[in-house]
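coords11.cif (mmCIF, C-alpha atoms and all ligand atoms) appears below.
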```cif
data_data
#
loop_
_atom_site.group_PDB
_atom_site.id
_atom_site.type_symbol
_atom_site.label_atom_id
_atom_site.label_comp_id
_atom_site.auth_asym_id
_atom_site.auth_seq_id
_atom_site.Cartn_x
_atom_site.Cartn_y
_atom_site.Cartn_z
ATOM 1 C CA MET A 1 -10.199 -21.968 -7.174
ATOM 2 C CA ARG A 2 -11.873 -20.610 -4.028
ATOM 3 C CA ILE A 3 -11.610 -16.841 -4.074
ATOM 4 C CA GLY A 4 -12.678 -15.008 -0.918
ATOM 5 C CA ILE A 5 -12.901 -11.325 -0.138
ATOM 6 C CA TYR A 6 -12.315 -9.694 3.219
ATOM 7 C CA PRO A 7 -13.984 -6.289 2.833
ATOM 8 C CA GLY A 8 -13.803 -3.396 5.229
ATOM 9 C CA SER A 9 -12.926 0.220 5.844
ATOM 10 C CA PHE A 10 -9.517 -0.519 7.381
ATOM 11 C CA ASP A 11 -9.281 2.992 8.839
ATOM 12 C CA PRO A 12 -6.682 2.021 9.818
ATOM 13 C CA LEU A 13 -5.568 -1.604 9.727
ATOM 14 C CA THR A 14 -5.238 -3.187 13.199
ATOM 15 C CA TYR A 15 -3.763 -6.401 14.570
ATOM 16 C CA GLY A 16 -7.366 -7.646 14.663
ATOM 17 C CA HIS A 17 -7.619 -7.266 10.876
ATOM 18 C CA LEU A 18 -4.229 -8.926 10.354
ATOM 19 C CA ASP A 19 -5.358 -11.833 12.485
ATOM 20 C CA VAL A 20 -8.442 -12.342 10.283
ATOM 21 C CA ILE A 21 -6.362 -11.933 7.102
ATOM 22 C CA GLU A 22 -3.865 -14.534 8.252
ATOM 23 C CA ARG A 23 -6.554 -17.079 9.110
ATOM 24 C CA ALA A 24 -8.645 -16.337 6.019
ATOM 25 C CA THR A 25 -5.722 -17.250 3.755
ATOM 26 C CA LYS A 26 -5.979 -20.781 5.141
ATOM 27 C CA ILE A 27 -9.520 -21.276 3.911
ATOM 28 C CA CYS A 28 -9.239 -19.780 0.439
ATOM 29 C CA ASP A 29 -6.881 -20.250 -2.464
ATOM 30 C CA LYS A 30 -6.815 -16.527 -3.070
ATOM 31 C CA LEU A 31 -7.807 -13.777 -0.656
ATOM 32 C CA ILE A 32 -8.768 -10.323 -1.823
ATOM 33 C CA VAL A 33 -8.609 -7.692 0.890
ATOM 34 C CA GLY A 34 -11.020 -5.040 -0.313
ATOM 35 C CA ILE A 35 -11.188 -1.456 0.885
ATOM 36 C CA LEU A 36 -14.783 -0.484 0.240
ATOM 37 C CA VAL A 37 -16.866 2.513 1.191
ATOM 38 C CA ASN A 38 -18.968 2.470 4.342
ATOM 39 C CA SER A 39 -21.265 5.433 3.763
ATOM 40 C CA ALA A 40 -21.922 5.718 7.513
ATOM 41 C CA LYS A 41 -18.261 6.483 8.305
ATOM 42 C CA LYS A 42 -15.992 9.487 8.073
ATOM 43 C CA TYR A 43 -12.440 8.341 7.465
ATOM 44 C CA LEU A 44 -9.260 9.536 9.141
ATOM 45 C CA PHE A 45 -7.062 8.114 6.364
ATOM 46 C CA ASP A 46 -7.846 8.684 2.717
ATOM 47 C CA LEU A 47 -8.084 5.752 0.341
ATOM 48 C CA GLU A 48 -4.502 5.984 -0.918
ATOM 49 C CA GLU A 49 -3.174 6.010 2.644
ATOM 50 C CA ARG A 50 -5.241 2.964 3.614
ATOM 51 C CA ILE A 51 -4.062 1.092 0.522
ATOM 52 C CA ASP A 52 -0.460 1.995 1.329
ATOM 53 C CA ILE A 53 -0.847 0.761 4.920
ATOM 54 C CA LEU A 54 -2.394 -2.534 3.839
ATOM 55 C CA ARG A 55 0.218 -3.120 1.114
ATOM 56 C CA HIS A 56 3.037 -2.347 3.527
ATOM 57 C CA CYS A 57 1.735 -4.454 6.414
ATOM 58 C CA CYS A 58 0.727 -7.405 4.215
ATOM 59 C CA SER A 59 3.945 -7.461 2.209
ATOM 60 C CA GLU A 60 5.216 -10.426 4.184
ATOM 61 C CA CYS A 61 1.895 -12.240 4.394
ATOM 62 C CA ASP A 62 0.767 -15.094 2.177
ATOM 63 C CA LYS A 63 1.543 -14.517 -1.512
ATOM 64 C CA ASN A 64 -2.060 -15.195 -2.508
ATOM 65 C CA ILE A 65 -3.329 -11.917 -1.087
ATOM 66 C CA GLU A 66 -4.407 -9.059 -3.305
ATOM 67 C CA ILE A 67 -5.281 -5.597 -2.004
ATOM 68 C CA ILE A 68 -7.962 -3.738 -3.947
ATOM 69 C CA SER A 69 -10.331 -0.821 -3.517
ATOM 70 C CA PHE A 70 -13.817 -0.525 -4.970
ATOM 71 C CA ASP A 71 -16.418 2.193 -4.886
ATOM 72 C CA GLY A 72 -19.634 0.236 -5.311
ATOM 73 C CA LEU A 73 -21.639 -2.666 -3.977
ATOM 74 C CA LEU A 74 -19.608 -5.471 -2.497
ATOM 75 C CA VAL A 75 -21.694 -8.150 -4.215
ATOM 76 C CA ASP A 76 -21.168 -6.487 -7.611
ATOM 77 C CA TYR A 77 -17.422 -6.693 -7.114
ATOM 78 C CA CYS A 78 -17.814 -10.341 -6.105
ATOM 79 C CA LYS A 79 -19.875 -11.180 -9.189
ATOM 80 C CA GLU A 80 -17.458 -9.417 -11.523
ATOM 81 C CA ASN A 81 -14.466 -11.200 -10.019
ATOM 82 C CA ASN A 82 -15.746 -14.708 -9.485
ATOM 83 C CA ILE A 83 -15.637 -14.391 -5.685
ATOM 84 C CA SER A 84 -17.700 -17.007 -3.904
ATOM 85 C CA PHE A 85 -17.440 -15.938 -0.301
ATOM 86 C CA ILE A 86 -17.165 -12.900 1.909
ATOM 87 C CA ILE A 87 -15.161 -13.038 5.111
ATOM 88 C CA ARG A 88 -15.915 -10.879 8.116
ATOM 89 C CA GLY A 89 -14.371 -10.866 11.565
ATOM 90 C CA LEU A 90 -16.622 -11.204 14.603
ATOM 91 C CA ARG A 91 -15.569 -9.833 17.953
ATOM 92 C CA ALA A 92 -18.055 -9.239 20.735
ATOM 93 C CA VAL A 93 -21.814 -9.832 20.636
ATOM 94 C CA SER A 94 -22.166 -6.131 19.859
ATOM 95 C CA ASP A 95 -20.850 -6.817 16.337
ATOM 96 C CA PHE A 96 -23.537 -9.370 15.678
ATOM 97 C CA GLU A 97 -26.496 -7.142 14.853
ATOM 98 C CA TYR A 98 -24.545 -5.088 12.332
ATOM 99 C CA GLU A 99 -22.886 -8.130 10.795
ATOM 100 C CA ILE A 100 -26.102 -10.105 10.408
ATOM 101 C CA THR A 101 -27.693 -7.118 8.684
ATOM 102 C CA LEU A 102 -24.786 -6.828 6.279
ATOM 103 C CA ALA A 103 -24.727 -10.566 5.573
ATOM 104 C CA SER A 104 -28.501 -10.653 5.058
ATOM 105 C CA ILE A 105 -28.596 -7.764 2.606
ATOM 106 C CA ASN A 106 -25.690 -9.248 0.692
ATOM 107 C CA ARG A 107 -27.479 -12.597 0.521
ATOM 108 C CA ARG A 108 -30.661 -10.872 -0.653
ATOM 109 C CA LEU A 109 -28.657 -9.196 -3.421
ATOM 110 C CA ALA A 110 -26.627 -12.296 -4.352
ATOM 111 C CA SER A 111 -27.907 -15.568 -2.906
ATOM 112 C CA ASP A 112 -24.982 -17.652 -4.147
ATOM 113 C CA ILE A 113 -22.347 -15.657 -2.267
ATOM 114 C CA GLU A 114 -21.823 -16.876 1.299
ATOM 115 C CA THR A 115 -20.622 -14.817 4.236
ATOM 116 C CA ILE A 116 -18.223 -16.602 6.565
ATOM 117 C CA PHE A 117 -17.436 -15.220 10.005
ATOM 118 C CA LEU A 118 -14.083 -15.716 11.652
ATOM 119 C CA MET A 119 -14.006 -15.129 15.395
ATOM 120 C CA ALA A 120 -11.323 -12.803 16.631
ATOM 121 C CA ARG A 121 -8.604 -14.258 18.811
ATOM 122 C CA ASP A 122 -9.064 -13.549 22.527
ATOM 123 C CA GLU A 123 -6.414 -10.843 22.564
ATOM 124 C CA ASN A 124 -8.163 -9.022 19.712
ATOM 125 C CA LEU A 125 -11.730 -9.276 20.977
ATOM 126 C CA PHE A 126 -11.917 -5.567 21.761
ATOM 127 C CA VAL A 127 -9.569 -4.202 19.082
ATOM 128 C CA SER A 128 -11.237 -1.848 16.623
ATOM 129 C CA SER A 129 -10.010 0.950 14.385
ATOM 130 C CA SER A 130 -12.194 3.494 16.159
ATOM 131 C CA LEU A 131 -10.857 2.478 19.570
ATOM 132 C CA VAL A 132 -7.287 2.740 18.273
ATOM 133 C CA LYS A 133 -7.958 6.247 16.960
ATOM 134 C CA GLU A 134 -9.497 7.331 20.241
ATOM 135 C CA VAL A 135 -6.614 5.969 22.334
ATOM 136 C CA ALA A 136 -4.127 7.651 19.968
ATOM 137 C CA MET A 137 -6.046 10.927 20.129
ATOM 138 C CA TYR A 138 -5.414 11.020 23.878
ATOM 139 C CA LYS A 139 -1.794 9.952 23.381
ATOM 140 C CA GLY A 140 -2.331 6.476 24.833
ATOM 141 C CA ASP A 141 -0.177 3.463 23.967
ATOM 142 C CA ILE A 142 -1.394 1.774 20.761
ATOM 143 C CA SER A 143 1.650 -0.460 20.261
ATOM 144 C CA THR A 144 -0.266 -3.660 21.106
ATOM 145 C CA LEU A 145 -3.179 -2.730 18.840
ATOM 146 C CA VAL A 146 -1.567 -1.839 15.507
ATOM 147 C CA PRO A 147 1.723 -2.570 13.708
ATOM 148 C CA PRO A 148 4.503 0.025 14.215
ATOM 149 C CA TYR A 149 4.039 1.353 10.645
ATOM 150 C CA VAL A 150 0.389 2.130 11.397
ATOM 151 C CA ALA A 151 1.181 3.635 14.801
ATOM 152 C CA ASP A 152 3.617 6.070 13.130
ATOM 153 C CA LYS A 153 1.026 7.037 10.504
ATOM 154 C CA ILE A 154 -1.626 7.661 13.162
ATOM 155 C CA ARG A 155 0.705 9.754 15.272
ATOM 156 C CA ALA A 156 1.715 11.829 12.235
ATOM 157 C CA LYS A 157 -1.901 12.292 11.242
ATOM 158 C CA ILE A 158 -3.224 13.486 14.583
ATOM 159 C CA SER A 159 -0.230 15.461 15.817
HETATM 160 O O1 LIG A 201 -15.054 -2.055 8.208
HETATM 161 P P1 LIG A 201 -16.506 -1.717 7.965
HETATM 162 O O2 LIG A 201 -16.708 -0.229 7.883
HETATM 163 O O3 LIG A 201 -17.426 -2.363 8.971
HETATM 164 O O4 LIG A 201 -16.860 -2.366 6.535
HETATM 165 C C1 LIG A 201 -18.146 -2.205 5.983
HETATM 166 C C2 LIG A 201 -18.096 -2.435 4.452
HETATM 167 C C3 LIG A 201 -17.153 -1.423 3.805
HETATM 168 C C4 LIG A 201 -17.647 -3.834 4.161
HETATM 169 C C5 LIG A 201 -19.565 -2.231 3.933
HETATM 170 O O5 LIG A 201 -20.015 -0.955 4.254
HETATM 171 C C6 LIG A 201 -19.652 -2.474 2.423
HETATM 172 O O6 LIG A 201 -19.719 -3.601 1.990
HETATM 173 N N1 LIG A 201 -19.639 -1.350 1.621
HETATM 174 C C7 LIG A 201 -19.760 -1.401 0.186
HETATM 175 C C8 LIG A 201 -21.210 -1.079 -0.249
HETATM 176 C C9 LIG A 201 -22.084 -2.272 0.076
HETATM 177 O O7 LIG A 201 -22.058 -3.263 -0.626
HETATM 178 N N2 LIG A 201 -22.870 -2.162 1.175
HETATM 179 C C10 LIG A 201 -23.655 -3.291 1.688
HETATM 180 C C11 LIG A 201 -25.030 -3.344 1.165
HETATM 181 S S1 LIG A 201 -25.958 -1.895 1.561
#
```

In structure tokens, what does this structure look like?
Amino acid sequence: MRIGIYPGSFDPLTYGHLDVIERATKICDKLIVGILVNSAKKYLFDLEERIDILRHCCSECDKNIEIISFDGLLVDYCKENNISFIIRGLRAVSDFEYEITLASINRRLASDIETIFLMARDENLFVSSSLVKEVAMYKGDISTLVPPYVADKIRAKIS
């Protein structure tokens, strides 16, 4: 059984994330979408809210998806749960430096766990949670960037 994990902050979930989730389910038997802590970030949504958003927006996705949260090292979660690969989305070249650092440290910590990158679809190449929050902050249209459920949550949060 090939178990993969798609880890991230998901603050909040975007169509870019959903795109990666959908495609990742095709390359693993079970996909764990993991909300982990990025110590460099301050979050708009607390953990419970991000879990709720993911559960709601993934409710009609593939049945082999599990949403979890974990406050620790990603590779430790992988080892404890028999996860053999980590999935990350790649958008523009600007993602590359950060992603290669993350993949390299994870490989240093656990050499048998592979990181697999899925390229974002063209229409999602620029979509990021931080961009969504900024557009929403200035009352711009975020309807093509996040599902309606997320758009409502963002509007409620920043109004
Ligand atoms: O969506 P993000 O913020 O780019 O995701 C980054 C995340 C949460 C996947 C990364 O920070 C992470 O793996 N955090 C858990 C702690 C960890 O294992 N860090 C990497 C080695 S220092």

> Do you know which residues are within 10 Å of ligand LIG 201 (chain A) using all atoms listed in the file? Can you write them as a PyMOL selection string?
Replying inline: chain A and resi 5-13+17+34-43+70-78+86-89+95+98-99+101-109+128-129

Selection export as a PDB file, in the coordinates of the input, atoms kept: C-alpha atoms:
```pdb
ATOM      1  CA  ILE A   5     -12.901 -11.325  -0.138  1.00  0.00           C
ATOM      2  CA  TYR A   6     -12.315  -9.694   3.219  1.00  0.00           C
ATOM      3  CA  PRO A   7     -13.984  -6.289   2.833  1.00  0.00           C
ATOM      4  CA  GLY A   8     -13.803  -3.396   5.229  1.00  0.00           C
ATOM      5  CA  SER A   9     -12.926   0.220   5.844  1.00  0.00           C
ATOM      6  CA  PHE A  10      -9.517  -0.519   7.381  1.00  0.00           C
ATOM      7  CA  ASP A  11      -9.281   2.992   8.839  1.00  0.00           C
ATOM      8  CA  PRO A  12      -6.682   2.021   9.818  1.00  0.00           C
ATOM      9  CA  LEU A  13      -5.568  -1.604   9.727  1.00  0.00           C
ATOM     10  CA  HIS A  17      -7.619  -7.266  10.876  1.00  0.00           C
ATOM     11  CA  GLY A  34     -11.020  -5.040  -0.313  1.00  0.00           C
ATOM     12  CA  ILE A  35     -11.188  -1.456   0.885  1.00  0.00           C
ATOM     13  CA  LEU A  36     -14.783  -0.484   0.240  1.00  0.00           C
ATOM     14  CA  VAL A  37     -16.866   2.513   1.191  1.00  0.00           C
ATOM     15  CA  ASN A  38     -18.968   2.470   4.342  1.00  0.00           C
ATOM     16  CA  SER A  39     -21.265   5.433   3.763  1.00  0.00           C
ATOM     17  CA  ALA A  40     -21.922   5.718   7.513  1.00  0.00           C
ATOM     18  CA  LYS A  41     -18.261   6.483   8.305  1.00  0.00           C
ATOM     19  CA  LYS A  42     -15.992   9.487   8.073  1.00  0.00           C
ATOM     20  CA  TYR A  43     -12.440   8.341   7.465  1.00  0.00           C
ATOM     21  CA  PHE A  70     -13.817  -0.525  -4.970  1.00  0.00           C
ATOM     22  CA  ASP A  71     -16.418   2.193  -4.886  1.00  0.00           C
ATOM     23  CA  GLY A  72     -19.634   0.236  -5.311  1.00  0.00           C
ATOM     24  CA  LEU A  73     -21.639  -2.666  -3.977  1.00  0.00           C
ATOM     25  CA  LEU A  74     -19.608  -5.471  -2.497  1.00  0.00           C
ATOM     26  CA  VAL A  75     -21.694  -8.150  -4.215  1.00  0.00           C
ATOM     27  CA  ASP A  76     -21.168  -6.487  -7.611  1.00  0.00           C
ATOM     28  CA  TYR A  77     -17.422  -6.693  -7.114  1.00  0.00           C
ATOM     29  CA  CYS A  78     -17.814 -10.341  -6.105  1.00  0.00           C
ATOM     30  CA  ILE A  86     -17.165 -12.900   1.909  1.00  0.00           C
ATOM     31  CA  ILE A  87     -15.161 -13.038   5.111  1.00  0.00           C
ATOM     32  CA  ARG A  88     -15.915 -10.879   8.116  1.00  0.00           C
ATOM     33  CA  GLY A  89     -14.371 -10.866  11.565  1.00  0.00           C
ATOM     34  CA  ASP A  95     -20.850  -6.817  16.337  1.00  0.00           C
ATOM     35  CA  TYR A  98     -24.545  -5.088  12.332  1.00  0.00           C
ATOM     36  CA  GLU A  99     -22.886  -8.130  10.795  1.00  0.00           C
ATOM     37  CA  THR A 101     -27.693  -7.118   8.684  1.00  0.00           C
ATOM     38  CA  LEU A 102     -24.786  -6.828   6.279  1.00  0.00           C
ATOM     39  CA  ALA A 103     -24.727 -10.566   5.573  1.00  0.00           C
ATOM     40  CA  SER A 104     -28.501 -10.653   5.058  1.00  0.00           C
ATOM     41  CA  ILE A 105     -28.596  -7.764   2.606  1.00  0.00           C
ATOM     42  CA  ASN A 106     -25.690  -9.248   0.692  1.00  0.00           C
ATOM     43  CA  ARG A 107     -27.479 -12.597   0.521  1.00  0.00           C
ATOM     44  CA  ARG A 108     -30.661 -10.872  -0.653  1.00  0.00           C
ATOM     45  CA  LEU A 109     -28.657  -9.196  -3.421  1.00  0.00           C
ATOM     46  CA  SER A 128     -11.237  -1.848  16.623  1.00  0.00           C
ATOM     47  CA  SER A 129     -10.010   0.950  14.385  1.00  0.00           C
TER      48      SER A 129
END
```

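The shortest atom-to-atom distance to A:Val150, with all atoms listed in the file taken into account, belongs to A:Glu49 out of A:Glu80, A:Thr115, A:Glu49, A:Val33.
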
Residue by residue, what does the PyMOL selection byres (((chain A and resi 123) around 12) and not hetatm) grab here? Present the result as a short mmCIF file (atom, residue, chain, number, x, y, z; two decimals) with C-alpha atoms, keeping the file's coordinate frame.
```cif
data_model
loop_
_atom_site.label_atom_id
_atom_site.label_comp_id
_atom_site.auth_asym_id
_atom_site.auth_seq_id
_atom_site.Cartn_x
_atom_site.Cartn_y
_atom_site.Cartn_z
CA TYR A 15 -3.76 -6.40 14.57
CA GLY A 16 -7.37 -7.65 14.66
CA ASP A 19 -5.36 -11.83 12.48
CA ARG A 91 -15.57 -9.83 17.95
CA ALA A 92 -18.06 -9.24 20.74
CA MET A 119 -14.01 -15.13 15.40
CA ALA A 120 -11.32 -12.80 16.63
CA ARG A 121 -8.60 -14.26 18.81
CA ASP A 122 -9.06 -13.55 22.53
CA ASN A 124 -8.16 -9.02 19.71
CA LEU A 125 -11.73 -9.28 20.98
CA PHE A 126 -11.92 -5.57 21.76
CA VAL A 127 -9.57 -4.20 19.08
CA SER A 128 -11.24 -1.85 16.62
CA THR A 144 -0.27 -3.66 21.11
CA LEU A 145 -3.18 -2.73 18.84
#
```

>> So that I can see what lies close to A:Ile3, please list as a PyMOL selection string the residues with an atom at most 8 Å from it, counting all atoms listed in the file and leaving out residues fewer than 6 positions away in the same chain.
In response: chain A and resi 28-32+82-85

>> Using only C-alpha atoms for the distances, tell me which of A:Ile142, A:Met137, A:Ile67, A:Val20 is nearest to A:Lys157.
In response: A:Met137

> Where does the PyMOL selection byres (((chain A and resi 58) around 12) and not hetatm) land in this file, that is, which residues does it pick, as a VMD selection string?
Replying inline: chain A and resid 13 to 15 17 to 19 21 to 22 25 31 to 33 50 to 57 59 to 67 147 149 to 150

Can you take the partial stretch 41-54 of chain A, add N, CA, C and O atoms, and return it as a PDB file, keeping the file's coordinate frame?
```
ATOM      1  N   LYS A  41     -19.501   6.107   7.604  1.00  0.00           N
ATOM      2  CA  LYS A  41     -18.261   6.483   8.305  1.00  0.00           C
ATOM      3  C   LYS A  41     -17.570   7.681   7.670  1.00  0.00           C
ATOM      4  O   LYS A  41     -17.637   7.889   6.463  1.00  0.00           O
ATOM      5  N   LYS A  42     -16.917   8.444   8.550  1.00  0.00           N
ATOM      6  CA  LYS A  42     -15.992   9.487   8.073  1.00  0.00           C
ATOM      7  C   LYS A  42     -14.593   8.948   8.339  1.00  0.00           C
ATOM      8  O   LYS A  42     -14.303   8.498   9.444  1.00  0.00           O
ATOM      9  N   TYR A  43     -13.734   8.995   7.325  1.00  0.00           N
ATOM     10  CA  TYR A  43     -12.440   8.341   7.465  1.00  0.00           C
ATOM     11  C   TYR A  43     -11.337   9.305   7.910  1.00  0.00           C
ATOM     12  O   TYR A  43     -11.304  10.459   7.499  1.00  0.00           O
ATOM     13  N   LEU A  44     -10.443   8.770   8.745  1.00  0.00           N
ATOM     14  CA  LEU A  44      -9.260   9.536   9.141  1.00  0.00           C
ATOM     15  C   LEU A  44      -8.223   9.495   8.019  1.00  0.00           C
ATOM     16  O   LEU A  44      -7.604  10.492   7.671  1.00  0.00           O
ATOM     17  N   PHE A  45      -8.039   8.298   7.440  1.00  0.00           N
ATOM     18  CA  PHE A  45      -7.062   8.114   6.364  1.00  0.00           C
ATOM     19  C   PHE A  45      -7.786   8.084   5.020  1.00  0.00           C
ATOM     20  O   PHE A  45      -8.832   7.442   4.901  1.00  0.00           O
ATOM     21  N   ASP A  46      -7.192   8.763   4.025  1.00  0.00           N
ATOM     22  CA  ASP A  46      -7.846   8.684   2.717  1.00  0.00           C
ATOM     23  C   ASP A  46      -7.533   7.322   2.087  1.00  0.00           C
ATOM     24  O   ASP A  46      -6.733   6.530   2.616  1.00  0.00           O
ATOM     25  N   LEU A  47      -8.175   7.078   0.964  1.00  0.00           N
ATOM     26  CA  LEU A  47      -8.084   5.752   0.341  1.00  0.00           C
ATOM     27  C   LEU A  47      -6.642   5.357   0.023  1.00  0.00           C
ATOM     28  O   LEU A  47      -6.207   4.241   0.325  1.00  0.00           O
ATOM     29  N   GLU A  48      -5.892   6.297  -0.557  1.00  0.00           N
ATOM     30  CA  GLU A  48      -4.502   5.984  -0.918  1.00  0.00           C
ATOM     31  C   GLU A  48      -3.676   5.605   0.305  1.00  0.00           C
ATOM     32  O   GLU A  48      -2.845   4.695   0.269  1.00  0.00           O
ATOM     33  N   GLU A  49      -3.921   6.300   1.411  1.00  0.00           N
ATOM     34  CA  GLU A  49      -3.174   6.010   2.644  1.00  0.00           C
ATOM     35  C   GLU A  49      -3.538   4.620   3.177  1.00  0.00           C
ATOM     36  O   GLU A  49      -2.688   3.873   3.660  1.00  0.00           O
ATOM     37  N   ARG A  50      -4.827   4.283   3.102  1.00  0.00           N
ATOM     38  CA  ARG A  50      -5.241   2.964   3.614  1.00  0.00           C
ATOM     39  C   ARG A  50      -4.705   1.838   2.730  1.00  0.00           C
ATOM     40  O   ARG A  50      -4.310   0.783   3.223  1.00  0.00           O
ATOM     41  N   ILE A  51      -4.645   2.095   1.428  1.00  0.00           N
ATOM     42  CA  ILE A  51      -4.062   1.092   0.522  1.00  0.00           C
ATOM     43  C   ILE A  51      -2.581   0.915   0.850  1.00  0.00           C
ATOM     44  O   ILE A  51      -2.075  -0.203   0.961  1.00  0.00           O
ATOM     45  N   ASP A  52      -1.896   2.041   1.017  1.00  0.00           N
ATOM     46  CA  ASP A  52      -0.460   1.995   1.329  1.00  0.00           C
ATOM     47  C   ASP A  52      -0.216   1.199   2.619  1.00  0.00           C
ATOM     48  O   ASP A  52       0.681   0.355   2.674  1.00  0.00           O
ATOM     49  N   ILE A  53      -1.017   1.463   3.634  1.00  0.00           N
ATOM     50  CA  ILE A  53      -0.847   0.761   4.920  1.00  0.00           C
ATOM     51  C   ILE A  53      -1.055  -0.739   4.733  1.00  0.00           C
ATOM     52  O   ILE A  53      -0.254  -1.564   5.200  1.00  0.00           O
ATOM     53  N   LEU A  54      -2.123  -1.099   4.038  1.00  0.00           N
ATOM     54  CA  LEU A  54      -2.394  -2.534   3.839  1.00  0.00           C
ATOM     55  C   LEU A  54      -1.281  -3.209   3.041  1.00  0.00           C
ATOM     56  O   LEU A  54      -0.819  -4.294   3.379  1.00  0.00           O
TER      57      LEU A  54
END
```
